[in-house]
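Report on one structure; see the data block that follows.
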Amino acid sequence: MDGNDNSEQRTSRLLDRPLDRTRLRVDIEPADYDMAPLALEVLVPGEPTPVDLYLPLFEQGKVVMTPACQKGEEFRAQWRDRLMAADQRVVFVRLEQSQELNDYFQRMAPAIMEDSSRPLRNKAMVVQELAVLNLNTLFNAEEITPKILKKTVDRVQQTVQRITSTPQLMTNMSTILRTDYSVYTHSVNVCMLCMALARYLGRSEAYVHAMGVGGMMHDVGRAKLPRSLTTKTGPLSEQEMALMRNHPQLGYQMVSQVGAVPYDSLMIVLHHHENADGSGYPHGLKAEKTPLPARLARMVDAFDAMTSTRPHQDARSAYQAAATMMQERDSVFGADLVPTFVRFLASPFITA
């Protein structure tokens, strides 16, 4: 019996029996293992698995990324059910196989999005997983080459176009936005909220598209910062905060090198941390000098950060976040925009 047969046997033994929850309850940083999480719900039972799937298990006092399903192996409904029963909502994939997974979902996405029997939440998850994986690949690349950057931007444009062509994804968004905060999931949330806000304001499709691209790429400059800084769970020191404040300028320099990125998207990347009273960064612009797309993205960025669960803070309710924004409307967000944003939060775009 060769090594592949042994690996298949181990895979089958792992998923063909009830899983030990105590061995699965591990808190890891996937990038430390050169891996990325993948939501279980986007895998189609009965279909061949596009890449190898892994589970983090405790073994002799340490975490071992254990094979759960091999590439090409049929993903079985009972496996999914066992994983869900064990409260395991994600599996893990090797970053080196992200291209194959992206290609798989790009092939599958049109049929998934056009399937009227598939729940809207599931369609949203497919779009979100594609986007998160794309950003994960960029942020964890050993070197961000022009080729990698262009491929990332191209996929962002494709994702935004997919959202635009499925307007239902921009309604009742409170049910589909991810609340597990990471720079990847946050960027996808900001993208979808920016597009919905632009639709709510009656803007053109080109404007909606530019808001989506800018929202998805607004924090891309963080990929140029030390990973220890971007993954830190506690408050940043003054020196660390000074470094973090470089990310809008770094992101602008990165994205402006890629052709066909809308100007409004670039303005979001560069100016999404400017404050209405001029106390923001990188250029200390006041509200009247800050491009409107960046001001809108500033509100969306803050709202999503406040309503997401993070290692050092609990998620606030939408009401609490809106109240905070009203309190800071003169200094941070602008008294001319916050009331409109609060009305947007009460619209069918967010709740239905």
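Residues are referred to by chain and number: the chain letter is A, B, ... according to the order shown in the structure tokens, the number counts from 1 in that chain, and ligands are numbered separately from 1 in the order shown.
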
So that I can see what lies close to range 125-134 of chain A, please list as an NGL selection string the residues with an atom at most 10 Å from it, counting only C-alpha atoms and leaving out residues fewer than 3 positions away in the same chain. :A and (36-43 or 93 or 95 or 98-99 or 101-106 or 108-109 or 112-113 or 120-122 or 137-139 or 151-153 or 155-156 or 158-160 or 162-163 or 169 or 176-178 or 182-189 or 191-192 or 216)

Using only C-alpha atoms, find each residue in range 288-342 of chain A having at least one atom no more than 12 Å away from range 268-274 of chain A; report its shortest atom-to-atom pair and that distance in Å (one decimal), rows by chain then rising number, as a tab-separated table.
residue	atom	partner	partner_atom	distance
A:Glu288	CA	A:Glu274	CA	11.1
A:Lys289	CA	A:Glu274	CA	9.8
A:Thr290	CA	A:His271	CA	7.1
A:Pro291	CA	A:His271	CA	7.8
A:Leu292	CA	A:Ile268	CA	8.8
A:Pro293	CA	A:Ile268	CA	6.1
A:Ala294	CA	A:Ile268	CA	4.2
A:Arg295	CA	A:His272	CA	6.6
A:Leu296	CA	A:His272	CA	8.4
A:Ala297	CA	A:His272	CA	6.1
A:Arg298	CA	A:His272	CA	4.9
A:Met299	CA	A:His272	CA	8.7
A:Val300	CA	A:His272	CA	9.6
A:Asp301	CA	A:His272	CA	7.9
A:Ala302	CA	A:His273	CA	9.5
A:Ser331	CA	A:Glu274	CA	10.4
A:Val332	CA	A:Glu274	CA	7.9
A:Phe333	CA	A:Glu274	CA	8.8
A:Gly334	CA	A:Glu274	CA	10.8

Would you tabulate, counting only C-alpha atoms, all residues of range 155-194 of chain A that have an atom at most 12 Å from an atom of range 312-325 of chain A, showing the closest pair of atoms and their distance in Å to one decimal, sorted by chain then ascending number, as a Markdown table?
| residue | atom | partner | partner_atom | distance |
| --- | --- | --- | --- | --- |
| A:Ser174 | CA | A:Ala318 | CA | 9.3 |
| A:Arg178 | CA | A:Ala315 | CA | 11.6 |
| A:Thr179 | CA | A:Ala315 | CA | 8.0 |
| A:Asp180 | CA | A:Ala315 | CA | 9.5 |
| A:Tyr181 | CA | A:Ala315 | CA | 9.6 |

Compile the contact shell of range 44-51 of chain A as a ChimeraX atom specification: residues with an atom at most 6 Å away, counting only C-alpha atoms, same-chain residues fewer than 6 positions apart removed. /A:71-77

Quick one: distance from CA of Val190 in chain A to CA of Gly212 in chain A in Å, one decimal? 7.9 Å

For His247 in chain A, work out the shell of residues within 9 Å, counting only C-alpha atoms and skipping chain neighbours fewer than 2 positions away, then give it as JSON, numbers by chain. {"A": [219, 220, 221, 222, 223, 224, 225, 243, 244, 245, 249, 250, 251, 252, 269, 270, 282]}

Check range 242-321 of chain A with DSSP on the backbone and list each residue it calls helix (DSSP H, G or I), as a ChimeraX atom specification. /A:242-244,247-255,263-271,287-289,292-306,318-321
